[in-house]
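Engineer: Could you have a look at this structure, given as structure tokens, before my questions?
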Amino acid sequence: MEPAAGKPGFLRNLLTRLLLFGLFVVLVRFTYVITIAGESCNVGNFCFFSLPETLNVAIAGAGTGALAAHSSVAVATPELYASKDWINGVRFYSSVFQDLIAAGYLSPESKTLCVDTPTGRDVSALREIGVSDAVGISKKASKPLVKSGDSRRIPFGNNSFDFVFSGDGALEKSPNPSLFAAEIARTLKPEGFAAFHVKAKDTYSSNSFVDLFKFCCKVVKVNDIEGFDSSMPHIREIVVKKEGYGIGGDSDSDGKCSVPGYKQELVKNAEPLIEEEPLKPWITLKRNVKNIKYLPSMVDISFKNRYVYVDVGARSYGSSIGSWFRKQYPKQNKTFHVYAIEADKTFHQEYGLKKGITLLPYAAWVRNESLVFEINNDPGEKVKAKGRGMGRIQPLQSAGEVVDGEVEKIQGFDFADWLKNTVSKNDFVVMKMDVEGTEFDLIPRLFETGAICLVDEIFLECHYNRWQRCCPGQRSPKYEKTYDQCLELFTSLRQSGVLVHQWW
């Protein structure tokens, strides 16, 4: 009987082939990463294994002048690396990083990430001064220093880096600064440091930056330095230290808030209030618009997550959204989302055709309840073809008296509560309020709930028994408040640090 010798030979051949196939895969992967992708094995976990950081490759026969290549330095040198801009940039960042090393925020052993760095000059500078474990990310890769990656979704795990750097004003250019900040905080190790180069010069933008990182980090250094090119001639360097998550809060436990001091300072630069009651308010207040000092004309609003315009009592699209806000308000090239709050159904249909606008077809009020909506014109005021008279609201149970005008039942909603659930302190919020006297209810409610701290700028029309255009010497019977009471409302807002403007 012949021995069964074929089976062991078959298994031996199978194992040999599997081993050779695995070796082939490793070699292909290694070749791709080093020669095609342009990465090194000690950065970003691109290879199946890492080369020793001290490994040098010498060219045989070169003697003492042998060419040595460190594993983390690219062998090829593109023409870009010899340009004046490149050299000046690398020298600038080398000086910046050496100062950060001297201050204890960075070390040669720090695993470092540079975010949104199109050229990689900062990465090159880090490696030149001895911070070898450094890599950059940008939307478009620039091998071998920068790999492809989005700052809003950094392609590294949690707590990966000891130090993160963001230069060239990348944070303020981001379409979503809050997500940018959150990703840096996620990838930064506890007790790690992150440094930013931004254009923030005014206190508003500086504090807006700080607000982005309150949930995780503490500012440990703010320094103004001179830049190296015309794109950023003056730079504010801000260094933060990661201390944890959820260490900042929006308001006190009772829901109230106090307007920050840096916002209160802006009120001092606002146009003066009109203290004497105008005899022709429809002229005086309209002219006053030319004197308004808009917030974006005074400060940089870049470090905000979203940009929101809330029109309370919007009426038609052309009343203020189309005719004023979209044409005249200085937006610093930011895209604002508009919320139009209008209870009068006469105007609802046209908003369905407008992009970037969310219509709330209800009445802004102090709680969620049914209301009476009264349409009434001033004596002698003609009803325009497009729309009708201004609408006033009041609770359903208190609307017992007969009124001379149209009356209908509508739904009111808690405006302050809605605002707190719709925007955050990291948003830039502009509000226009024209609510036919209800401002004396809504403004106190905004303070009571703390929602007032979410608003950066208010354009308020205060309704009082003003002199009538139609009937000289007669006041409007529609409103009980006086001009002095309106002036008191504006004054109290400004004294509380709210940048409010008189509207008409």
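Labels used: A, B, ... for chains in the order of the structure tokens, numbers from 1 for residues in each chain, and numbers from 1 for ligands as shown.
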Would you mind listing what lies within 9 Å of stretch 181-194 of chain A as an MDAnalysis selection string, with only C-alpha atoms counted and same-chain residues fewer than 2 positions away left out?

Structural biologist: chainID A and resid 105:106 115 151:154 156:166 171 176:179 196 212:213 215:217 238:245

Engineer: Those same residues, written as a compact mmCIF listing (two decimals), in the first residue's frame with N, CA, C and O atoms?

Structural biologist:
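Saved file again_12.txt follows:
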```
# COMPACT_ATOMS: atom_id res chain seq x y z
N TYR A 105 4.37 75.61 25.18
CA TYR A 105 3.13 75.14 24.54
C TYR A 105 3.39 74.05 23.50
O TYR A 105 2.47 73.32 23.11
N LEU A 106 4.61 73.94 23.05
CA LEU A 106 5.00 73.00 22.01
C LEU A 106 6.36 72.42 22.35
O LEU A 106 7.16 73.07 23.03
N VAL A 115 -3.98 72.61 10.52
CA VAL A 115 -5.31 72.51 9.90
C VAL A 115 -5.48 73.58 8.83
O VAL A 115 -5.12 74.73 9.03
N SER A 151 -11.47 70.40 7.49
CA SER A 151 -11.37 70.87 8.88
C SER A 151 -12.65 70.63 9.66
O SER A 151 -12.64 70.61 10.88
N ARG A 152 -13.77 70.45 8.94
CA ARG A 152 -15.04 70.18 9.63
C ARG A 152 -15.23 68.69 9.88
O ARG A 152 -16.20 68.28 10.51
N ARG A 153 -14.30 67.89 9.38
CA ARG A 153 -14.32 66.44 9.64
C ARG A 153 -12.88 65.94 9.55
O ARG A 153 -12.50 65.25 8.62
N ILE A 154 -12.10 66.28 10.54
CA ILE A 154 -10.67 65.98 10.54
C ILE A 154 -10.48 64.45 10.53
O ILE A 154 -11.05 63.74 11.37
N PHE A 156 -8.73 62.14 11.69
CA PHE A 156 -7.95 61.52 12.75
C PHE A 156 -8.85 61.25 13.94
O PHE A 156 -9.91 61.88 14.09
N GLY A 157 -8.44 60.33 14.78
CA GLY A 157 -9.25 59.92 15.92
C GLY A 157 -9.24 60.93 17.06
O GLY A 157 -8.50 61.92 17.04
N ASN A 158 -10.06 60.64 18.06
CA ASN A 158 -10.13 61.49 19.25
C ASN A 158 -8.79 61.52 19.98
O ASN A 158 -8.08 60.50 20.04
N ASN A 159 -8.46 62.66 20.54
CA ASN A 159 -7.26 62.80 21.39
C ASN A 159 -5.99 62.32 20.69
O ASN A 159 -5.19 61.59 21.27
N SER A 160 -5.81 62.73 19.45
CA SER A 160 -4.67 62.25 18.66
C SER A 160 -3.44 63.14 18.75
O SER A 160 -2.32 62.65 18.58
N PHE A 161 -3.60 64.43 19.02
CA PHE A 161 -2.48 65.36 18.89
C PHE A 161 -2.20 66.13 20.18
O PHE A 161 -3.12 66.48 20.92
N ASP A 162 -0.91 66.39 20.37
CA ASP A 162 -0.49 67.21 21.51
C ASP A 162 -0.62 68.69 21.21
O ASP A 162 -0.81 69.50 22.11
N PHE A 163 -0.52 69.02 19.92
CA PHE A 163 -0.54 70.43 19.52
C PHE A 163 -1.24 70.54 18.17
O PHE A 163 -0.99 69.73 17.25
N VAL A 164 -2.13 71.54 18.04
CA VAL A 164 -2.82 71.80 16.77
C VAL A 164 -2.62 73.26 16.41
O VAL A 164 -2.72 74.15 17.28
N PHE A 165 -2.33 73.50 15.13
CA PHE A 165 -2.11 74.87 14.68
C PHE A 165 -3.03 75.20 13.51
O PHE A 165 -3.24 74.38 12.61
N SER A 166 -3.59 76.41 13.55
CA SER A 166 -4.44 76.90 12.45
C SER A 166 -3.98 78.31 12.10
O SER A 166 -4.18 79.24 12.88
N LEU A 171 -9.67 79.82 10.56
CA LEU A 171 -10.87 79.69 11.38
C LEU A 171 -11.93 80.71 10.99
O LEU A 171 -13.11 80.39 10.86
N ASN A 176 -18.27 77.17 8.88
CA ASN A 176 -18.88 76.71 10.11
C ASN A 176 -17.84 76.73 11.23
O ASN A 176 -17.26 75.69 11.57
N PRO A 177 -17.56 77.90 11.81
CA PRO A 177 -16.51 78.01 12.85
C PRO A 177 -16.75 77.11 14.06
O PRO A 177 -15.80 76.60 14.64
N SER A 178 -18.01 76.92 14.44
CA SER A 178 -18.29 76.08 15.62
C SER A 178 -17.86 74.63 15.37
O SER A 178 -17.28 73.98 16.26
N LEU A 179 -18.14 74.11 14.19
CA LEU A 179 -17.74 72.74 13.86
C LEU A 179 -16.23 72.65 13.72
O LEU A 179 -15.62 71.65 14.12
N PHE A 196 -3.83 79.65 17.17
CA PHE A 196 -4.56 80.18 16.02
C PHE A 196 -3.99 81.54 15.62
O PHE A 196 -3.69 82.37 16.49
N LEU A 212 -16.30 80.36 21.09
CA LEU A 212 -16.29 79.11 20.32
C LEU A 212 -15.66 77.97 21.11
O LEU A 212 -16.00 76.81 20.90
N PHE A 213 -14.73 78.30 22.01
CA PHE A 213 -13.97 77.27 22.70
C PHE A 213 -14.30 77.16 24.19
O PHE A 213 -13.64 76.41 24.91
N PHE A 215 -16.56 75.63 25.63
CA PHE A 215 -17.05 74.30 26.01
C PHE A 215 -15.91 73.34 26.33
O PHE A 215 -16.13 72.28 26.92
N CYS A 216 -14.67 73.71 25.96
CA CYS A 216 -13.59 72.73 26.12
C CYS A 216 -12.29 73.33 26.63
O CYS A 216 -11.49 72.62 27.23
N CYS A 217 -12.06 74.61 26.35
CA CYS A 217 -10.70 75.12 26.47
C CYS A 217 -10.62 76.45 27.20
O CYS A 217 -11.61 77.17 27.33
N ILE A 238 -3.62 83.47 19.23
CA ILE A 238 -4.37 83.04 20.42
C ILE A 238 -4.06 81.57 20.69
O ILE A 238 -4.18 80.73 19.78
N VAL A 239 -3.66 81.27 21.90
CA VAL A 239 -3.35 79.89 22.29
C VAL A 239 -4.36 79.45 23.34
O VAL A 239 -4.62 80.16 24.31
N VAL A 240 -4.95 78.26 23.14
CA VAL A 240 -5.90 77.71 24.11
C VAL A 240 -5.39 76.35 24.61
O VAL A 240 -4.64 75.66 23.91
N LYS A 241 -5.82 76.01 25.80
CA LYS A 241 -5.46 74.73 26.41
C LYS A 241 -6.72 73.92 26.65
O LYS A 241 -7.69 74.42 27.21
N LYS A 242 -6.70 72.68 26.22
CA LYS A 242 -7.88 71.82 26.39
C LYS A 242 -7.97 71.33 27.83
O LYS A 242 -7.04 70.70 28.34
N GLU A 243 -9.09 71.63 28.45
CA GLU A 243 -9.29 71.25 29.84
C GLU A 243 -10.43 70.27 30.04
O GLU A 243 -10.54 69.64 31.08
N GLY A 244 -11.31 70.14 29.09
CA GLY A 244 -12.43 69.21 29.22
C GLY A 244 -13.58 69.66 28.34
O GLY A 244 -13.43 70.55 27.51
N TYR A 245 -14.73 69.02 28.52
CA TYR A 245 -15.90 69.37 27.74
C TYR A 245 -17.00 69.89 28.67
O TYR A 245 -17.10 69.50 29.83
```

Engineer: Which residues are near A:Arg326? Cut-off 12 Å, only C-alpha atoms, ignore same chain within fewer than 2 positions. Put them as a list in words.

Structural biologist: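 Final neighbour list, sorted by chain and number: Tyr309, Tyr317, Gly318, Ser319, Ser320, Ile321, Gly322, Ser323, Trp324, Gln328, Tyr329, Pro330, Lys331, Asn333, Lys334, Thr335, Phe336, His337, Val338, Gly356 and Ile357 of chain A.
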
Engineer: Write out as a ChimeraX atom specification the residues lying within 10 Å of A:Trp86, counting only C-alpha atoms and excluding same-chain residues fewer than 3 positions away.

Structural biologist: /A:79-83,89-92,119-122,124

Engineer: Would you export the selected residues with N, CA and C atoms as a short mmCIF file (atom, residue, chain, number, x, y, z; two decimals), in the first residue's frame, please?

Structural biologist:
```
data_model
loop_
_atom_site.label_atom_id
_atom_site.label_comp_id
_atom_site.auth_asym_id
_atom_site.auth_seq_id
_atom_site.Cartn_x
_atom_site.Cartn_y
_atom_site.Cartn_z
N GLU A 79 9.67 73.08 -7.24
CA GLU A 79 10.11 74.46 -7.45
C GLU A 79 9.48 75.40 -6.42
N LEU A 80 8.29 75.01 -5.95
CA LEU A 80 7.62 75.85 -4.95
C LEU A 80 8.49 76.08 -3.74
N TYR A 81 9.23 75.04 -3.34
CA TYR A 81 10.02 75.13 -2.12
C TYR A 81 11.18 76.12 -2.22
N ALA A 82 11.53 76.51 -3.45
CA ALA A 82 12.63 77.45 -3.64
C ALA A 82 12.14 78.88 -3.86
N SER A 83 10.83 79.08 -3.86
CA SER A 83 10.28 80.41 -4.09
C SER A 83 10.46 81.31 -2.88
N GLY A 89 7.70 82.35 4.28
CA GLY A 89 6.67 81.72 5.11
C GLY A 89 7.26 80.74 6.10
N VAL A 90 8.19 79.90 5.63
CA VAL A 90 8.81 78.91 6.51
C VAL A 90 9.62 79.60 7.61
N ARG A 91 10.33 80.66 7.24
CA ARG A 91 11.10 81.40 8.26
C ARG A 91 10.17 82.01 9.31
N PHE A 92 9.06 82.57 8.84
CA PHE A 92 8.10 83.19 9.76
C PHE A 92 7.55 82.16 10.74
N THR A 119 -0.45 75.12 1.52
CA THR A 119 0.92 74.95 1.04
C THR A 119 1.77 74.07 1.94
N GLY A 120 1.46 74.03 3.23
CA GLY A 120 2.26 73.23 4.15
C GLY A 120 3.50 73.93 4.66
N ARG A 121 3.57 75.27 4.52
CA ARG A 121 4.75 75.97 5.01
C ARG A 121 4.91 75.81 6.52
N ASP A 122 3.80 75.79 7.23
CA ASP A 122 3.88 75.61 8.69
C ASP A 122 4.38 74.21 9.04
N SER A 124 6.36 72.32 7.17
CA SER A 124 7.79 72.30 6.86
C SER A 124 8.60 73.00 7.95
#
```

Engineer: Please return, as an MDAnalysis selection string, all residues of stretch 164-303 of chain A that DSSP assigns to alpha helix (DSSP H) on the basis of the backbone.

Structural biologist: chainID A and resid 170:173 177:187 203:212 261:267 281:288

Engineer: Include N, CA and C atoms and write out the residues we just selected as a compact mmCIF listing (two decimals), in the first residue's frame.

Structural biologist:
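Output file selection.txt follows:
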```
# COMPACT_ATOMS: atom_id res chain seq x y z
N ALA A 170 -7.56 80.76 8.95
CA ALA A 170 -8.42 79.66 8.48
C ALA A 170 -9.72 79.58 9.26
N LEU A 171 -9.67 79.82 10.56
CA LEU A 171 -10.87 79.69 11.38
C LEU A 171 -11.93 80.71 10.99
N GLU A 172 -11.52 81.96 10.77
CA GLU A 172 -12.50 82.99 10.44
C GLU A 172 -13.04 82.84 9.02
N LYS A 173 -12.33 82.11 8.17
CA LYS A 173 -12.79 81.85 6.81
C LYS A 173 -13.71 80.64 6.73
N PRO A 177 -17.56 77.90 11.81
CA PRO A 177 -16.51 78.01 12.85
C PRO A 177 -16.75 77.11 14.06
N SER A 178 -18.01 76.92 14.44
CA SER A 178 -18.29 76.08 15.62
C SER A 178 -17.86 74.63 15.37
N LEU A 179 -18.14 74.11 14.19
CA LEU A 179 -17.74 72.74 13.86
C LEU A 179 -16.23 72.65 13.72
N PHE A 180 -15.63 73.68 13.16
CA PHE A 180 -14.17 73.76 13.07
C PHE A 180 -13.56 73.65 14.47
N ALA A 181 -14.07 74.45 15.39
CA ALA A 181 -13.57 74.44 16.77
C ALA A 181 -13.82 73.09 17.44
N ALA A 182 -14.99 72.51 17.20
CA ALA A 182 -15.32 71.22 17.82
C ALA A 182 -14.39 70.12 17.35
N GLU A 183 -14.03 70.14 16.06
CA GLU A 183 -13.14 69.11 15.52
C GLU A 183 -11.72 69.25 16.09
N ILE A 184 -11.26 70.48 16.24
CA ILE A 184 -9.95 70.68 16.84
C ILE A 184 -9.96 70.19 18.29
N ALA A 185 -11.02 70.51 19.02
CA ALA A 185 -11.12 70.06 20.41
C ALA A 185 -11.18 68.54 20.49
N ARG A 186 -11.85 67.93 19.54
CA ARG A 186 -11.98 66.46 19.54
C ARG A 186 -10.64 65.77 19.32
N THR A 187 -9.85 66.27 18.40
CA THR A 187 -8.59 65.61 18.05
C THR A 187 -7.43 66.02 18.96
N THR A 203 -12.63 93.93 20.33
CA THR A 203 -13.00 93.08 21.47
C THR A 203 -14.18 92.17 21.13
N TYR A 204 -15.05 92.62 20.24
CA TYR A 204 -16.21 91.80 19.89
C TYR A 204 -15.76 90.52 19.20
N SER A 205 -14.92 90.63 18.17
CA SER A 205 -14.48 89.44 17.45
C SER A 205 -13.59 88.56 18.32
N SER A 206 -12.76 89.17 19.16
CA SER A 206 -11.91 88.37 20.06
C SER A 206 -12.75 87.55 21.02
N ASN A 207 -13.77 88.16 21.59
CA ASN A 207 -14.63 87.44 22.52
C ASN A 207 -15.51 86.43 21.79
N SER A 208 -15.88 86.72 20.56
CA SER A 208 -16.63 85.74 19.78
C SER A 208 -15.77 84.50 19.54
N PHE A 209 -14.47 84.70 19.32
CA PHE A 209 -13.55 83.57 19.17
C PHE A 209 -13.50 82.76 20.46
N VAL A 210 -13.35 83.45 21.58
CA VAL A 210 -13.27 82.76 22.88
C VAL A 210 -14.54 81.95 23.13
N ASP A 211 -15.69 82.49 22.75
CA ASP A 211 -16.96 81.78 22.96
C ASP A 211 -17.00 80.45 22.22
N LEU A 212 -16.30 80.36 21.09
CA LEU A 212 -16.29 79.11 20.32
C LEU A 212 -15.66 77.97 21.11
N GLY A 261 -19.79 92.39 28.88
CA GLY A 261 -19.23 93.73 28.91
C GLY A 261 -18.76 94.23 27.55
N TYR A 262 -18.21 93.33 26.71
CA TYR A 262 -17.72 93.78 25.41
C TYR A 262 -18.87 94.23 24.50
N LYS A 263 -20.06 93.68 24.71
CA LYS A 263 -21.22 94.16 23.96
C LYS A 263 -21.70 95.50 24.51
N GLN A 264 -21.61 95.66 25.82
CA GLN A 264 -22.02 96.92 26.43
C GLN A 264 -21.14 98.08 25.95
N GLU A 265 -19.87 97.80 25.68
CA GLU A 265 -18.96 98.84 25.19
C GLU A 265 -19.40 99.36 23.83
N LEU A 266 -19.99 98.49 23.01
CA LEU A 266 -20.41 98.89 21.67
C LEU A 266 -21.54 99.92 21.70
N VAL A 267 -22.35 99.84 22.74
CA VAL A 267 -23.48 100.77 22.86
C VAL A 267 -22.97 102.21 22.93
N PRO A 281 -42.96 112.46 13.07
CA PRO A 281 -42.14 111.25 13.26
C PRO A 281 -41.93 110.45 11.99
N TRP A 282 -42.89 110.49 11.06
CA TRP A 282 -42.75 109.73 9.83
C TRP A 282 -41.61 110.28 8.97
N ILE A 283 -41.18 111.52 9.24
CA ILE A 283 -40.05 112.11 8.53
C ILE A 283 -38.78 111.99 9.36
N THR A 284 -38.86 112.38 10.62
CA THR A 284 -37.68 112.41 11.50
C THR A 284 -37.07 111.03 11.68
N LEU A 285 -37.90 110.03 11.98
CA LEU A 285 -37.38 108.69 12.23
C LEU A 285 -36.84 108.05 10.96
N LYS A 286 -37.46 108.35 9.83
CA LYS A 286 -36.97 107.81 8.56
C LYS A 286 -35.60 108.40 8.23
N ARG A 287 -35.43 109.70 8.46
CA ARG A 287 -34.14 110.34 8.22
C ARG A 287 -33.07 109.80 9.17
N ASN A 288 -33.48 109.40 10.35
CA ASN A 288 -32.53 108.93 11.36
C ASN A 288 -31.83 107.64 10.93
```

Engineer: Taking the backbone alone, and naming residues the way the document does, which bits of stretch 126-261 of chain A are strand (DSSP E) by DSSP, as a VMD selection string?

Structural biologist: chain A and resid 134 to 138 146 to 148 161 to 166 188 to 198 217 to 226 234 to 242

Engineer: Using atom CA of A:Pro260 and atom CA of A:Ala200 as the two end points, give the distance in Å to one decimal.

Structural biologist: 17.7 Å

Engineer: Which polymer residues have any atom within 9 Å of an atom of A:Asp300, counting only C-alpha atoms, with same-chain residues fewer than 2 positions away left out, as a PyMOL selection string?

Structural biologist: chain A and resi 199-202+204-205+295-298+302-303+332

Engineer: Neighbours of A:Leu359 within 10 Å (only C-alpha atoms; same-chain residues fewer than 5 positions away dropped), as a PyMOL selection string?

Structural biologist: chain A and resi 311+314+338-343+348-349+351-352+354

Engineer: For all heavy atoms, I'd like the residues from the last selection saved as an mmCIF file, in the first residue's frame.

Structural biologist:
```cif
data_model
loop_
_atom_site.group_PDB
_atom_site.id
_atom_site.type_symbol
_atom_site.label_atom_id
_atom_site.label_comp_id
_atom_site.auth_asym_id
_atom_site.auth_seq_id
_atom_site.Cartn_x
_atom_site.Cartn_y
_atom_site.Cartn_z
ATOM 1 N N ASP A 311 -37.296 88.909 11.626
ATOM 2 C CA ASP A 311 -38.179 90.052 11.394
ATOM 3 C C ASP A 311 -39.506 89.775 12.087
ATOM 4 O O ASP A 311 -40.322 88.985 11.617
ATOM 5 C CB ASP A 311 -38.395 90.259 9.893
ATOM 6 C CG ASP A 311 -38.967 91.639 9.584
ATOM 7 O OD1 ASP A 311 -39.738 92.145 10.420
ATOM 8 O OD2 ASP A 311 -38.654 92.204 8.518
ATOM 9 N N ALA A 314 -43.225 91.090 10.184
ATOM 10 C CA ALA A 314 -42.558 91.295 8.889
ATOM 11 C C ALA A 314 -43.457 91.941 7.851
ATOM 12 O O ALA A 314 -42.977 92.639 6.980
ATOM 13 C CB ALA A 314 -42.041 89.948 8.369
ATOM 14 N N VAL A 338 -33.212 84.090 7.047
ATOM 15 C CA VAL A 338 -34.236 85.036 7.506
ATOM 16 C C VAL A 338 -35.438 84.282 8.066
ATOM 17 O O VAL A 338 -35.931 83.332 7.446
ATOM 18 C CB VAL A 338 -34.690 85.952 6.346
ATOM 19 C CG1 VAL A 338 -35.810 86.870 6.806
ATOM 20 C CG2 VAL A 338 -33.507 86.754 5.817
ATOM 21 N N TYR A 339 -35.887 84.704 9.236
ATOM 22 C CA TYR A 339 -37.147 84.227 9.817
ATOM 23 C C TYR A 339 -38.142 85.378 9.770
ATOM 24 O O TYR A 339 -37.913 86.426 10.382
ATOM 25 C CB TYR A 339 -36.949 83.757 11.256
ATOM 26 C CG TYR A 339 -36.157 82.477 11.384
ATOM 27 C CD1 TYR A 339 -34.783 82.507 11.592
ATOM 28 C CD2 TYR A 339 -36.785 81.235 11.283
ATOM 29 C CE1 TYR A 339 -34.048 81.333 11.707
ATOM 30 C CE2 TYR A 339 -36.063 80.051 11.406
ATOM 31 C CZ TYR A 339 -34.692 80.114 11.614
ATOM 32 O OH TYR A 339 -33.975 78.951 11.716
ATOM 33 N N ALA A 340 -39.213 85.190 9.018
ATOM 34 C CA ALA A 340 -40.262 86.212 8.915
ATOM 35 C C ALA A 340 -41.439 85.793 9.790
ATOM 36 O O ALA A 340 -42.083 84.766 9.539
ATOM 37 C CB ALA A 340 -40.710 86.363 7.466
ATOM 38 N N ILE A 341 -41.708 86.565 10.838
ATOM 39 C CA ILE A 341 -42.807 86.264 11.759
ATOM 40 C C ILE A 341 -43.948 87.225 11.438
ATOM 41 O O ILE A 341 -43.840 88.434 11.643
ATOM 42 C CB ILE A 341 -42.352 86.417 13.222
ATOM 43 C CG1 ILE A 341 -41.171 85.478 13.502
ATOM 44 C CG2 ILE A 341 -43.493 86.133 14.178
ATOM 45 C CD1 ILE A 341 -40.569 85.627 14.882
ATOM 46 N N GLU A 342 -45.036 86.684 10.906
ATOM 47 C CA GLU A 342 -46.153 87.515 10.478
ATOM 48 C C GLU A 342 -47.457 86.734 10.627
ATOM 49 O O GLU A 342 -47.638 85.676 10.016
ATOM 50 C CB GLU A 342 -45.974 87.957 9.032
ATOM 51 C CG GLU A 342 -47.118 88.791 8.484
ATOM 52 C CD GLU A 342 -47.451 89.988 9.370
ATOM 53 O OE1 GLU A 342 -46.539 90.820 9.603
ATOM 54 O OE2 GLU A 342 -48.607 90.079 9.834
ATOM 55 N N ALA A 343 -48.368 87.278 11.463
ATOM 56 C CA ALA A 343 -49.635 86.602 11.729
ATOM 57 C C ALA A 343 -50.691 86.881 10.659
ATOM 58 O O ALA A 343 -51.634 86.102 10.495
ATOM 59 C CB ALA A 343 -50.165 87.015 13.100
ATOM 60 N N HIS A 348 -48.888 85.803 3.594
ATOM 61 C CA HIS A 348 -48.218 84.508 3.701
ATOM 62 C C HIS A 348 -47.803 83.920 2.360
ATOM 63 O O HIS A 348 -46.719 83.332 2.234
ATOM 64 C CB HIS A 348 -49.105 83.508 4.457
ATOM 65 C CG HIS A 348 -49.279 83.857 5.899
ATOM 66 N ND1 HIS A 348 -50.165 83.207 6.732
ATOM 67 C CD2 HIS A 348 -48.675 84.810 6.674
ATOM 68 C CE1 HIS A 348 -50.110 83.727 7.942
ATOM 69 N NE2 HIS A 348 -49.219 84.709 7.932
ATOM 70 N N GLN A 349 -48.617 84.037 1.372
ATOM 71 C CA GLN A 349 -48.381 83.335 0.109
ATOM 72 C C GLN A 349 -47.073 83.749 -0.568
ATOM 73 O O GLN A 349 -46.342 82.911 -1.088
ATOM 74 C CB GLN A 349 -49.559 83.560 -0.850
ATOM 75 C CG GLN A 349 -49.435 82.742 -2.140
ATOM 76 C CD GLN A 349 -50.672 82.872 -3.013
ATOM 77 O OE1 GLN A 349 -51.635 83.544 -2.648
ATOM 78 N NE2 GLN A 349 -50.652 82.219 -4.161
ATOM 79 N N TYR A 351 -44.280 84.576 0.618
ATOM 80 C CA TYR A 351 -43.062 84.046 1.230
ATOM 81 C C TYR A 351 -42.733 82.637 0.753
ATOM 82 O O TYR A 351 -41.586 82.197 0.863
ATOM 83 C CB TYR A 351 -43.181 84.067 2.756
ATOM 84 C CG TYR A 351 -43.002 85.451 3.338
ATOM 85 C CD1 TYR A 351 -44.088 86.177 3.811
ATOM 86 C CD2 TYR A 351 -41.749 86.045 3.391
ATOM 87 C CE1 TYR A 351 -43.929 87.455 4.344
ATOM 88 C CE2 TYR A 351 -41.574 87.313 3.920
ATOM 89 C CZ TYR A 351 -42.671 88.016 4.392
ATOM 90 O OH TYR A 351 -42.498 89.278 4.907
ATOM 91 N N GLY A 352 -43.711 81.935 0.221
ATOM 92 C CA GLY A 352 -43.463 80.582 -0.279
ATOM 93 C C GLY A 352 -42.543 80.558 -1.473
ATOM 94 O O GLY A 352 -41.962 79.518 -1.793
ATOM 95 N N LYS A 354 -39.875 82.671 -1.786
ATOM 96 C CA LYS A 354 -38.606 83.297 -1.434
ATOM 97 C C LYS A 354 -37.633 82.285 -0.845
ATOM 98 O O LYS A 354 -37.982 81.527 0.060
ATOM 99 C CB LYS A 354 -38.823 84.436 -0.431
ATOM 100 C CG LYS A 354 -39.824 85.500 -0.901
ATOM 101 C CD LYS A 354 -39.357 86.211 -2.165
ATOM 102 C CE LYS A 354 -40.350 87.274 -2.577
ATOM 103 N NZ LYS A 354 -39.946 87.942 -3.846
#
```

Engineer: Give the answer as one residue: which of A:Leu396, A:Val259, A:Leu493, A:Leu353 has the shortest atom-to-atom distance to A:Glu369, using only C-alpha atoms?

Structural biologist: A:Leu396

Engineer: When distances are computed from only C-alpha atoms, which of A:Ser496, A:Asn305, A:Ser138, A:Asn13 shows the smallest separation from A:Lys268?

Structural biologist: A:Ser496

Engineer: Between atom CA of A:Asp456 and atom CA of A:Val430, what is the distance, to one decimal in Å?

Structural biologist: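 Value for the atom CA of A:Asp456-atom CA of A:Val430 distance: 5.9 Å.
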
Engineer: Nearest residue to A:Phe97 out of A:Glu237, A:Lys218, A:Phe10, A:Ser142, using only C-alpha atoms?

Structural biologist: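 That would be A:Glu237, the residue with the smallest distance to A:Phe97.
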
Engineer: Applying 8 Å and only C-alpha atoms, which residues near A:Gly130 remain after dropping the ones on its own chain fewer than 3 positions away? List them as a short mmCIF file (atom, residue, chain, number, x, y, z; two decimals) with N, CA, C and O atoms, in the first residue's frame.

Structural biologist:
```cif
data_model
loop_
_atom_site.label_atom_id
_atom_site.label_comp_id
_atom_site.auth_asym_id
_atom_site.auth_seq_id
_atom_site.Cartn_x
_atom_site.Cartn_y
_atom_site.Cartn_z
N PRO A 108 9.60 69.39 20.79
CA PRO A 108 9.99 68.54 19.66
C PRO A 108 9.30 67.18 19.65
O PRO A 108 9.15 66.56 18.60
N LEU A 126 7.83 73.30 11.12
CA LEU A 126 7.85 72.44 12.31
C LEU A 126 8.93 71.37 12.18
O LEU A 126 9.69 71.11 13.12
N ARG A 127 8.99 70.74 11.02
CA ARG A 127 9.97 69.67 10.84
C ARG A 127 11.40 70.21 10.84
O ARG A 127 12.33 69.55 11.32
#
```

Engineer: Please determine, counting only C-alpha atoms, which residue among A:Ser107, A:Gln394, A:Gln98, A:Thr422 has the shortest atom-to-atom distance to A:Gly437.

Structural biologist: A:Gln394
